[in-house]
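Visitor: Data: upload26.pdb, PDB, C-alpha atoms (C1' of nucleotides).
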MODEL        1
ATOM      1  CA  MET A1003     -16.657 -21.208  36.625  1.00  0.00           C
ATOM      2  CA  LYS A1004     -15.649 -17.639  37.340  1.00  0.00           C
ATOM      3  CA  LYS A1005     -14.758 -15.554  34.347  1.00  0.00           C
ATOM      4  CA  PRO A1006     -10.977 -15.105  34.227  1.00  0.00           C
ATOM      5  CA  LEU A1007      -9.371 -11.724  33.594  1.00  0.00           C
ATOM      6  CA  PRO A1008      -6.989 -11.067  30.707  1.00  0.00           C
ATOM      7  CA  HIS A1009      -4.251  -9.933  33.067  1.00  0.00           C
ATOM      8  CA  THR A1010      -4.537 -13.133  35.128  1.00  0.00           C
ATOM      9  CA  ILE A1011      -4.195 -15.199  31.999  1.00  0.00           C
ATOM     10  CA  TYR A1012      -1.238 -13.100  30.909  1.00  0.00           C
ATOM     11  CA  LYS A1013       0.600 -13.614  34.184  1.00  0.00           C
ATOM     12  CA  THR A1014      -0.061 -17.343  34.117  1.00  0.00           C
ATOM     13  CA  LEU A1015       1.233 -17.702  30.574  1.00  0.00           C
ATOM     14  CA  LEU A1016       4.303 -15.612  31.315  1.00  0.00           C
ATOM     15  CA  LYS A1017       5.125 -17.712  34.348  1.00  0.00           C
ATOM     16  CA  THR A1018       4.548 -20.954  32.451  1.00  0.00           C
ATOM     17  CA  PHE A1019       6.317 -20.232  29.195  1.00  0.00           C
ATOM     18  CA  GLY A1020       8.654 -17.360  30.086  1.00  0.00           C
ATOM     19  CA  PRO A1021       9.276 -14.277  27.917  1.00  0.00           C
ATOM     20  CA  GLN A1022       8.980 -15.023  24.203  1.00  0.00           C
ATOM     21  CA  ARG A1023      11.023 -12.032  22.991  1.00  0.00           C
ATOM     22  CA  TRP A1024       9.122 -11.387  19.824  1.00  0.00           C
ATOM     23  CA  TRP A1025       9.196 -10.539  16.931  1.00  0.00           C
ATOM     24  CA  PRO A1026      11.805 -12.995  15.564  1.00  0.00           C
ATOM     25  CA  ALA A1027      13.507 -10.589  13.138  1.00  0.00           C
ATOM     26  CA  GLU A1028      16.632  -8.458  12.868  1.00  0.00           C
ATOM     27  CA  THR A1029      15.114  -5.225  11.571  1.00  0.00           C
ATOM     28  CA  PRO A1030      11.751  -3.446  11.462  1.00  0.00           C
ATOM     29  CA  PHE A1031      11.604  -4.021   7.720  1.00  0.00           C
ATOM     30  CA  GLU A1032      12.053  -7.744   8.285  1.00  0.00           C
ATOM     31  CA  VAL A1033       9.164  -7.643  10.757  1.00  0.00           C
ATOM     32  CA  ILE A1034       6.918  -6.124   8.122  1.00  0.00           C
ATOM     33  CA  VAL A1035       7.902  -8.628   5.468  1.00  0.00           C
ATOM     34  CA  GLY A1036       7.400 -11.484   7.922  1.00  0.00           C
ATOM     35  CA  ALA A1037       3.996 -10.141   8.941  1.00  0.00           C
ATOM     36  CA  ILE A1038       2.815 -10.209   5.341  1.00  0.00           C
ATOM     37  CA  LEU A1039       4.369 -13.581   4.549  1.00  0.00           C
ATOM     38  CA  THR A1040       2.921 -15.317   7.595  1.00  0.00           C
ATOM     39  CA  GLN A1041      -0.677 -14.559   6.671  1.00  0.00           C
ATOM     40  CA  SER A1042      -2.483 -17.878   7.068  1.00  0.00           C
ATOM     41  CA  THR A1043       0.841 -19.687   6.817  1.00  0.00           C
ATOM     42  CA  ASN A1044       3.059 -21.747   9.087  1.00  0.00           C
ATOM     43  CA  TRP A1045       5.996 -19.719  10.412  1.00  0.00           C
ATOM     44  CA  THR A1046       8.581 -22.350   9.428  1.00  0.00           C
ATOM     45  CA  ASN A1047       7.590 -21.788   5.811  1.00  0.00           C
ATOM     46  CA  VAL A1048       8.048 -18.070   6.281  1.00  0.00           C
ATOM     47  CA  GLU A1049      11.552 -18.632   7.655  1.00  0.00           C
ATOM     48  CA  LYS A1050      12.508 -20.380   4.447  1.00  0.00           C
ATOM     49  CA  ALA A1051      11.224 -17.476   2.393  1.00  0.00           C
ATOM     50  CA  ILE A1052      13.068 -14.961   4.585  1.00  0.00           C
ATOM     51  CA  ARG A1053      16.287 -16.948   4.208  1.00  0.00           C
ATOM     52  CA  ASN A1054      15.892 -16.851   0.439  1.00  0.00           C
ATOM     53  CA  LEU A1055      15.338 -13.100   0.520  1.00  0.00           C
ATOM     54  CA  LYS A1056      18.436 -12.576   2.634  1.00  0.00           C
ATOM     55  CA  ARG A1057      20.591 -14.833   0.469  1.00  0.00           C
ATOM     56  CA  GLN A1058      19.521 -12.874  -2.587  1.00  0.00           C
ATOM     57  CA  LYS A1059      20.016  -9.510  -0.863  1.00  0.00           C
ATOM     58  CA  LEU A1060      16.370  -8.637  -1.381  1.00  0.00           C
ATOM     59  CA  LEU A1061      15.440  -7.906   2.215  1.00  0.00           C
ATOM     60  CA  THR A1062      15.749  -4.127   1.972  1.00  0.00           C
ATOM     61  CA  LEU A1063      13.346  -1.426   0.879  1.00  0.00           C
ATOM     62  CA  ARG A1064      15.477  -0.432  -2.065  1.00  0.00           C
ATOM     63  CA  GLU A1065      16.174  -3.891  -3.441  1.00  0.00           C
ATOM     64  CA  MET A1066      12.629  -5.085  -2.988  1.00  0.00           C
ATOM     65  CA  SER A1067      11.389  -2.060  -4.883  1.00  0.00           C
ATOM     66  CA  LYS A1068      13.737  -2.721  -7.789  1.00  0.00           C
ATOM     67  CA  VAL A1069      13.446  -6.487  -8.141  1.00  0.00           C
ATOM     68  CA  LYS A1070      11.205  -8.018 -10.810  1.00  0.00           C
ATOM     69  CA  SER A1071       8.001  -9.507  -9.459  1.00  0.00           C
ATOM     70  CA  VAL A1072       8.715 -12.960 -10.845  1.00  0.00           C
ATOM     71  CA  LYS A1073      12.072 -13.084  -9.083  1.00  0.00           C
ATOM     72  CA  LEU A1074      10.432 -11.953  -5.857  1.00  0.00           C
ATOM     73  CA  GLN A1075       7.781 -14.647  -6.284  1.00  0.00           C
ATOM     74  CA  LYS A1076      10.406 -17.349  -6.618  1.00  0.00           C
ATOM     75  CA  ALA A1077      12.230 -16.195  -3.508  1.00  0.00           C
ATOM     76  CA  ILE A1078       9.145 -16.234  -1.288  1.00  0.00           C
ATOM     77  CA  ARG A1079       7.628 -19.349  -2.815  1.00  0.00           C
ATOM     78  CA  PRO A1080       7.925 -21.549   0.320  1.00  0.00           C
ATOM     79  CA  SER A1081       5.623 -19.195   2.237  1.00  0.00           C
ATOM     80  CA  GLY A1082       2.673 -20.034   0.001  1.00  0.00           C
ATOM     81  CA  TYR A1083       0.297 -17.716  -1.906  1.00  0.00           C
ATOM     82  CA  PHE A1084       3.529 -16.492  -3.441  1.00  0.00           C
ATOM     83  CA  ARG A1085       2.017 -14.488  -6.301  1.00  0.00           C
ATOM     84  CA  ALA A1086      -0.490 -12.770  -4.036  1.00  0.00           C
ATOM     85  CA  LYS A1087       2.155 -12.052  -1.409  1.00  0.00           C
ATOM     86  CA  ALA A1088       4.689 -10.720  -3.908  1.00  0.00           C
ATOM     87  CA  LYS A1089       2.019  -8.261  -4.997  1.00  0.00           C
ATOM     88  CA  LYS A1090       1.413  -7.266  -1.383  1.00  0.00           C
ATOM     89  CA  LEU A1091       5.119  -6.713  -0.696  1.00  0.00           C
ATOM     90  CA  LYS A1092       5.369  -4.610  -3.841  1.00  0.00           C
ATOM     91  CA  ALA A1093       2.350  -2.601  -2.734  1.00  0.00           C
ATOM     92  CA  PHE A1094       3.974  -1.852   0.611  1.00  0.00           C
ATOM     93  CA  VAL A1095       7.389  -0.827  -0.677  1.00  0.00           C
ATOM     94  CA  GLY A1096       5.731   1.171  -3.446  1.00  0.00           C
ATOM     95  CA  HIS A1097       3.642   3.042  -0.909  1.00  0.00           C
ATOM     96  CA  LEU A1098       6.659   3.794   1.240  1.00  0.00           C
ATOM     97  CA  GLN A1099       8.616   4.990  -1.740  1.00  0.00           C
ATOM     98  CA  GLN A1100       5.907   7.316  -2.951  1.00  0.00           C
ATOM     99  CA  GLN A1101       4.479   8.577   0.327  1.00  0.00           C
ATOM    100  CA  HIS A1102       7.479   8.550   2.663  1.00  0.00           C
ATOM    101  CA  LYS A1103      10.639   8.810   0.558  1.00  0.00           C
ATOM    102  CA  GLU A1104      11.473   5.223   1.538  1.00  0.00           C
ATOM    103  CA  LYS A1105      11.718   6.193   5.196  1.00  0.00           C
ATOM    104  CA  LEU A1106      10.050   3.911   7.730  1.00  0.00           C
ATOM    105  CA  LYS A1107      10.610   6.579  10.359  1.00  0.00           C
ATOM    106  CA  SER A1108       8.397   8.950   8.431  1.00  0.00           C
ATOM    107  CA  LEU A1109       5.643   6.329   8.343  1.00  0.00           C
ATOM    108  CA  PHE A1110       5.985   5.447  12.019  1.00  0.00           C
ATOM    109  CA  ASP A1111       6.240   9.020  13.330  1.00  0.00           C
ATOM    110  CA  GLN A1112       2.519   9.619  13.638  1.00  0.00           C
ATOM    111  CA  PRO A1113      -0.212   8.775  16.134  1.00  0.00           C
ATOM    112  CA  ILE A1114      -1.208   5.096  16.310  1.00  0.00           C
ATOM    113  CA  SER A1115      -4.739   5.625  15.028  1.00  0.00           C
ATOM    114  CA  GLN A1116      -3.500   7.595  12.043  1.00  0.00           C
ATOM    115  CA  LEU A1117      -0.734   5.090  11.324  1.00  0.00           C
ATOM    116  CA  ARG A1118      -3.239   2.244  11.478  1.00  0.00           C
ATOM    117  CA  VAL A1119      -5.581   3.888   8.991  1.00  0.00           C
ATOM    118  CA  GLU A1120      -2.699   4.468   6.604  1.00  0.00           C
ATOM    119  CA  LEU A1121      -1.482   0.873   6.874  1.00  0.00           C
ATOM    120  CA  LEU A1122      -4.995  -0.440   6.272  1.00  0.00           C
ATOM    121  CA  SER A1123      -5.176   1.559   3.060  1.00  0.00           C
ATOM    122  CA  ILE A1124      -2.294  -0.467   1.588  1.00  0.00           C
ATOM    123  CA  HIS A1125      -3.230  -3.523  -0.479  1.00  0.00           C
ATOM    124  CA  GLY A1126      -2.655  -6.712   1.482  1.00  0.00           C
ATOM    125  CA  ILE A1127      -2.552  -5.142   4.925  1.00  0.00           C
ATOM    126  CA  GLY A1128      -5.594  -5.964   7.033  1.00  0.00           C
ATOM    127  CA  PRO A1129      -6.183  -5.386  10.754  1.00  0.00           C
ATOM    128  CA  GLU A1130      -3.911  -8.122  12.101  1.00  0.00           C
ATOM    129  CA  THR A1131      -1.000  -7.315   9.818  1.00  0.00           C
ATOM    130  CA  ALA A1132      -1.399  -3.594  10.555  1.00  0.00           C
ATOM    131  CA  ASP A1133      -1.386  -4.141  14.311  1.00  0.00           C
ATOM    132  CA  SER A1134       1.587  -6.515  14.074  1.00  0.00           C
ATOM    133  CA  ILE A1135       3.529  -3.849  12.206  1.00  0.00           C
ATOM    134  CA  ILE A1136       2.539  -1.138  14.697  1.00  0.00           C
ATOM    135  CA  LEU A1137       3.421  -3.315  17.695  1.00  0.00           C
ATOM    136  CA  TYR A1138       6.531  -5.147  16.555  1.00  0.00           C
ATOM    137  CA  ALA A1139       8.059  -2.824  13.951  1.00  0.00           C
ATOM    138  CA  ALA A1140       6.992   0.642  15.137  1.00  0.00           C
ATOM    139  CA  ASN A1141       7.051  -0.415  18.811  1.00  0.00           C
ATOM    140  CA  LYS A1142       3.759   1.232  19.707  1.00  0.00           C
ATOM    141  CA  PRO A1143       0.997  -0.406  21.771  1.00  0.00           C
ATOM    142  CA  SER A1144      -1.682  -1.768  19.438  1.00  0.00           C
ATOM    143  CA  PHE A1145      -3.101  -5.121  20.522  1.00  0.00           C
ATOM    144  CA  VAL A1146      -2.845  -7.881  17.914  1.00  0.00           C
ATOM    145  CA  VAL A1147      -5.786 -10.232  17.455  1.00  0.00           C
ATOM    146  CA  ASP A1148      -5.242 -13.429  15.517  1.00  0.00           C
ATOM    147  CA  ALA A1149      -7.062 -16.733  15.050  1.00  0.00           C
ATOM    148  CA  TYR A1150      -5.604 -18.083  18.298  1.00  0.00           C
ATOM    149  CA  THR A1151      -6.696 -15.007  20.228  1.00  0.00           C
ATOM    150  CA  LYS A1152     -10.280 -15.453  19.074  1.00  0.00           C
ATOM    151  CA  ARG A1153     -10.330 -19.192  19.653  1.00  0.00           C
ATOM    152  CA  ILE A1154      -8.710 -19.084  23.076  1.00  0.00           C
ATOM    153  CA  GLY A1155     -10.809 -16.148  24.236  1.00  0.00           C
ATOM    154  CA  GLN A1156     -14.013 -17.895  23.264  1.00  0.00           C
ATOM    155  CA  ARG A1157     -13.058 -21.289  24.678  1.00  0.00           C
ATOM    156  CA  VAL A1158     -11.925 -19.779  27.943  1.00  0.00           C
ATOM    157  CA  GLY A1159     -15.150 -17.829  28.162  1.00  0.00           C
ATOM    158  CA  LEU A1160     -13.611 -14.356  28.069  1.00  0.00           C
ATOM    159  CA  PHE A1161     -16.026 -13.095  25.422  1.00  0.00           C
ATOM    160  CA  GLU A1162     -18.410 -14.255  22.742  1.00  0.00           C
ATOM    161  CA  PHE A1163     -18.145 -11.602  20.069  1.00  0.00           C
ATOM    162  CA  THR A1164     -16.234 -12.410  16.924  1.00  0.00           C
ATOM    163  CA  LYS A1165     -15.370  -9.162  15.160  1.00  0.00           C
ATOM    164  CA  TYR A1166     -11.733  -8.078  15.167  1.00  0.00           C
ATOM    165  CA  ASP A1167     -12.300  -4.576  16.501  1.00  0.00           C
ATOM    166  CA  GLN A1168     -14.529  -5.801  19.330  1.00  0.00           C
ATOM    167  CA  ILE A1169     -11.963  -8.329  20.508  1.00  0.00           C
ATOM    168  CA  GLN A1170      -9.137  -5.818  20.269  1.00  0.00           C
ATOM    169  CA  ARG A1171     -11.177  -3.298  22.238  1.00  0.00           C
ATOM    170  CA  PHE A1172     -11.870  -5.906  24.904  1.00  0.00           C
ATOM    171  CA  PHE A1173      -8.186  -6.627  25.508  1.00  0.00           C
ATOM    172  CA  GLU A1174      -7.123  -2.993  25.345  1.00  0.00           C
ATOM    173  CA  ASP A1175      -9.870  -2.001  27.798  1.00  0.00           C
ATOM    174  CA  ASN A1176      -8.875  -4.738  30.241  1.00  0.00           C
ATOM    175  CA  LEU A1177      -5.086  -4.459  30.157  1.00  0.00           C
ATOM    176  CA  PRO A1178      -2.588  -1.740  31.087  1.00  0.00           C
ATOM    177  CA  LYS A1179      -1.696   0.082  27.862  1.00  0.00           C
ATOM    178  CA  ARG A1180       1.921  -1.040  27.935  1.00  0.00           C
ATOM    179  CA  LEU A1181       4.101  -1.990  25.013  1.00  0.00           C
ATOM    180  CA  LYS A1182       5.769  -4.790  26.937  1.00  0.00           C
ATOM    181  CA  ILE A1183       2.446  -6.407  27.858  1.00  0.00           C
ATOM    182  CA  TYR A1184       0.905  -6.186  24.387  1.00  0.00           C
ATOM    183  CA  ASN A1185       4.109  -7.547  22.908  1.00  0.00           C
ATOM    184  CA  GLU A1186       4.517 -10.525  25.241  1.00  0.00           C
ATOM    185  CA  PHE A1187       0.836 -11.339  25.535  1.00  0.00           C
ATOM    186  CA  HIS A1188       0.308 -11.828  21.840  1.00  0.00           C
ATOM    187  CA  ALA A1189       3.460 -13.958  21.550  1.00  0.00           C
ATOM    188  CA  LEU A1190       2.344 -16.054  24.518  1.00  0.00           C
ATOM    189  CA  ILE A1191      -1.097 -16.524  23.000  1.00  0.00           C
ATOM    190  CA  VAL A1192       0.503 -17.877  19.847  1.00  0.00           C
ATOM    191  CA  LYS A1193       2.668 -20.214  21.915  1.00  0.00           C
ATOM    192  CA  LEU A1194      -0.361 -21.459  23.851  1.00  0.00           C
ATOM    193  CA  GLY A1195      -2.379 -21.771  20.670  1.00  0.00           C
ATOM    194  CA  LYS A1196       0.221 -23.823  18.839  1.00  0.00           C
ATOM    195  CA  ASP A1197       0.718 -26.198  21.739  1.00  0.00           C
ATOM    196  CA  TYR A1198      -2.807 -26.594  23.136  1.00  0.00           C
ATOM    197  CA  CYS A1199      -5.516 -24.678  21.337  1.00  0.00           C
ATOM    198  CA  GLN A1200      -5.657 -25.963  17.798  1.00  0.00           C
ATOM    199  CA  PRO A1201      -9.051 -26.444  16.111  1.00  0.00           C
ATOM    200  CA  LYS A1202      -8.866 -29.896  17.683  1.00  0.00           C
ATOM    201  CA  PRO A1203      -8.203 -28.967  21.312  1.00  0.00           C
ATOM    202  CA  ARG A1204      -5.473 -30.708  23.343  1.00  0.00           C
ATOM    203  CA  CYS A1205      -6.518 -29.483  26.745  1.00  0.00           C
ATOM    204  CA  GLU A1206      -4.953 -32.162  28.956  1.00  0.00           C
ATOM    205  CA  ASN A1207      -1.850 -30.282  30.092  1.00  0.00           C
ATOM    206  CA  CYS A1208      -2.890 -26.795  29.012  1.00  0.00           C
ATOM    207  CA  PRO A1209      -1.695 -24.302  31.655  1.00  0.00           C
ATOM    208  CA  LEU A1210      -5.065 -22.550  31.574  1.00  0.00           C
ATOM    209  CA  LYS A1211      -6.771 -25.819  32.351  1.00  0.00           C
ATOM    210  CA  VAL A1212      -4.241 -26.715  35.018  1.00  0.00           C
ATOM    211  CA  ASN A1213      -4.742 -23.317  36.659  1.00  0.00           C
ATOM    212  CA  ASN A1214      -8.512 -23.509  36.391  1.00  0.00           C
ATOM    213  CA  LEU A1215      -8.702 -20.620  33.956  1.00  0.00           C
ATOM    214  CA  CYS A1216     -10.394 -22.501  31.141  1.00  0.00           C
ATOM    215  CA  SER A1217     -13.742 -24.234  31.031  1.00  0.00           C
ATOM    216  CA  SER A1218     -13.175 -25.945  27.697  1.00  0.00           C
ATOM    217  CA  PRO A1219     -13.760 -28.646  26.619  1.00  0.00           C
ATOM    218  CA  ALA A1220     -16.574 -29.005  29.130  1.00  0.00           C
ATOM    219  CA  GLY A1221     -19.089 -29.322  26.354  1.00  0.00           C
ATOM    220  CA  GLN A1222     -18.517 -26.155  24.361  1.00  0.00           C
ATOM    221  CA  GLN A1223     -15.581 -26.955  22.120  1.00  0.00           C
ATOM    222  CA  ALA A1224     -17.757 -28.100  19.274  1.00  0.00           C
ATOM    223  CA  SER A1225     -17.284 -25.480  16.607  1.00  0.00           C
ATOM    224  CA  PHE A1226     -14.573 -22.835  16.643  1.00  0.00           C
TER
ATOM    225  C1'  DA B 771      -5.210 -39.084   2.249  1.00  0.00           C
ATOM    226  C1'  DC B 772      -6.496 -35.718   4.788  1.00  0.00           C
ATOM    227  C1'  DC B 773      -6.044 -31.233   7.999  1.00  0.00           C
ATOM    228  C1'  DC B 774      -4.044 -26.949   8.993  1.00  0.00           C
ATOM    229  C1'  DA B 775      -1.057 -22.682   9.442  1.00  0.00           C
ATOM    230  C1'  DG B 776       0.633 -15.968  13.597  1.00  0.00           C
ATOM    231  C1'  DG B 777      -5.198 -13.348   6.804  1.00  0.00           C
ATOM    232  C1'  DT B 778      -6.804 -10.517   3.039  1.00  0.00           C
ATOM    233  C1'  DG B 779      -9.431  -8.933  -0.920  1.00  0.00           C
ATOM    234  C1'  DG B 780     -13.060  -9.597  -4.093  1.00  0.00           C
ATOM    235  C1'  DC B 781     -17.646 -10.928  -5.036  1.00  0.00           C
ATOM    236  C1'  DC B 782     -22.386 -11.805  -4.059  1.00  0.00           C
ATOM    237  C1'  DC B 783     -26.680 -11.287  -1.663  1.00  0.00           C
TER
ATOM    238  C1'  DG C1235     -22.937  -6.113   7.000  1.00  0.00           C
ATOM    239  C1'  DG C1236     -22.176 -11.127   6.657  1.00  0.00           C
ATOM    240  C1'  DG C1237     -20.973 -15.479   3.981  1.00  0.00           C
ATOM    241  C1'  DC C1238     -18.085 -17.741   0.468  1.00  0.00           C
ATOM    242  C1'  DC C1239     -14.060 -18.317  -2.231  1.00  0.00           C
ATOM    243  C1'  DA C1240      -9.265 -17.914  -4.220  1.00  0.00           C
ATOM    244  C1'  DC C1241      -4.779 -17.548  -2.955  1.00  0.00           C
ATOM    245  C1'  DA C1242      -0.370 -22.189  -2.350  1.00  0.00           C
ATOM    246  C1'  DT C1243       3.445 -24.327   0.159  1.00  0.00           C
ATOM    247  C1'  DG C1244       5.080 -27.746   3.510  1.00  0.00           C
ATOM    248  C1'  DG C1245       4.656 -30.427   7.816  1.00  0.00           C
ATOM    249  C1'  DG C1246       2.026 -33.577  10.848  1.00  0.00           C
TER
ENDMDL
END
Could you express the structure from this file as structure tokens?

Guide:
Amino acid sequence: MKKPLPHTIYKTLLKTFGPQRWWPAETPFEVIVGAILTQSTNWTNVEKAIRNLKRQKLLTLREMSKVKSVKLQKAIRPSGYFRAKAKKLKAFVGHLQQQHKEKLKSLFDQPISQLRVELLSIHGIGPETADSIILYAANKPSFVVDAYTKRIGQRVGLFEFTKYDQIQRFFEDNLPKRLKIYNEFHALIVKLGKDYCQPKPRCENCPLKVNNLCSSPAGQQASF
DNA sequence: ACCCAGGTGGCCC
DNA sequence: GGGCCACATGGG
């Protein structure tokens, strides 16, 4: 089968599923909190945690900085890893307080590469969380790679490498560097992943299969 | 009773 | 640089 192009896949997904309008949040700060809370966790659990934070008026830089860790832990408990994640949230707001006078604008007003390095220096922020923050909170084009992106890309036959930076480079090199495309594409990949590309594949009605853009599971779906 | 979710950091070799 | 493991809740 011919190797599909990222942009072809993007157009197919957009036509099939329609615009996803990510990130589901009301403010940039809420995007950041959600990005940390959703690490290896179902989004519905994150929604419960976010609701708790809102009800307790903790979903602001100032309040999250002041609140006791144990109280923060209890609020975000439904999102799992609640002690680890409370520490990560504290690390982020602490960094912003000390380095940027609590101003997100100050953090975001710098080149993408510089911003990314700074985010990665904060405890609990790895490459995917950093890129999610850059893309969906700062609104700058940095392609997000998650577990679905890797799995789908490999099953479809787009690439075989596995390292985050390689996969990100692949998409950025093969797509117009546009905020709108990076934003929608990642959201569409998550939608496709949830519906059809779990560890146990459900390829029957997958739009990529229907449109002849995927060769899985023709014998290669064994391991990832 | 499993299996898994929009990862990351800390160890070990 | 790669391979494990802890971190934890809730839904299928």

Visitor: Return the neighbours of chain A among the residues of chain B, cut-off 6 Å, counting only C-alpha atoms (C1' of nucleotides), as a ChimeraX atom specification.

Guide: /B:775,777-778

Visitor: With C-alpha atoms (C1' of nucleotides) kept, could you save the residues just selected as a tab-separated table (two decimals), keeping the file's coordinate frame?

Guide:
chain	number	residue	atom	x	y	z
B	775	DA	C1'	-1.06	-22.68	9.44
B	777	DG	C1'	-5.20	-13.35	6.80
B	778	DT	C1'	-6.80	-10.52	3.04

Visitor: Determine which residues of chain A sit within 6 Å of chain C, taking into account only C-alpha atoms (C1' of nucleotides), and present them as a PyMOL selection string.

Guide: chain A and resi 1080-1083

Visitor: Translate the PyMOL selection byres ((chain A and resi 1158-1160) around 9) into a concrete residue list for this structure, as a PyMOL selection string.

Guide: chain A and resi 1005-1008+1153-1157+1161-1162+1210+1215-1218

Visitor: Using all atoms listed in the file, pick whichever of A:Asn1185, A:Asn1214, A:Thr1010, A:Ser1108 has the shortest atom-to-atom distance to Arg1023 in chain A.

Guide: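 Ranked by minimum distance to Arg1023 in chain A, first place goes to A:Asn1185.
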
Visitor: Report, in Å with one decimal, the straight-line distance from CA of Asn1054 in chain A to CA of Ala1077 in chain A.

Guide: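 Those two atoms sit 5.4 Å apart.
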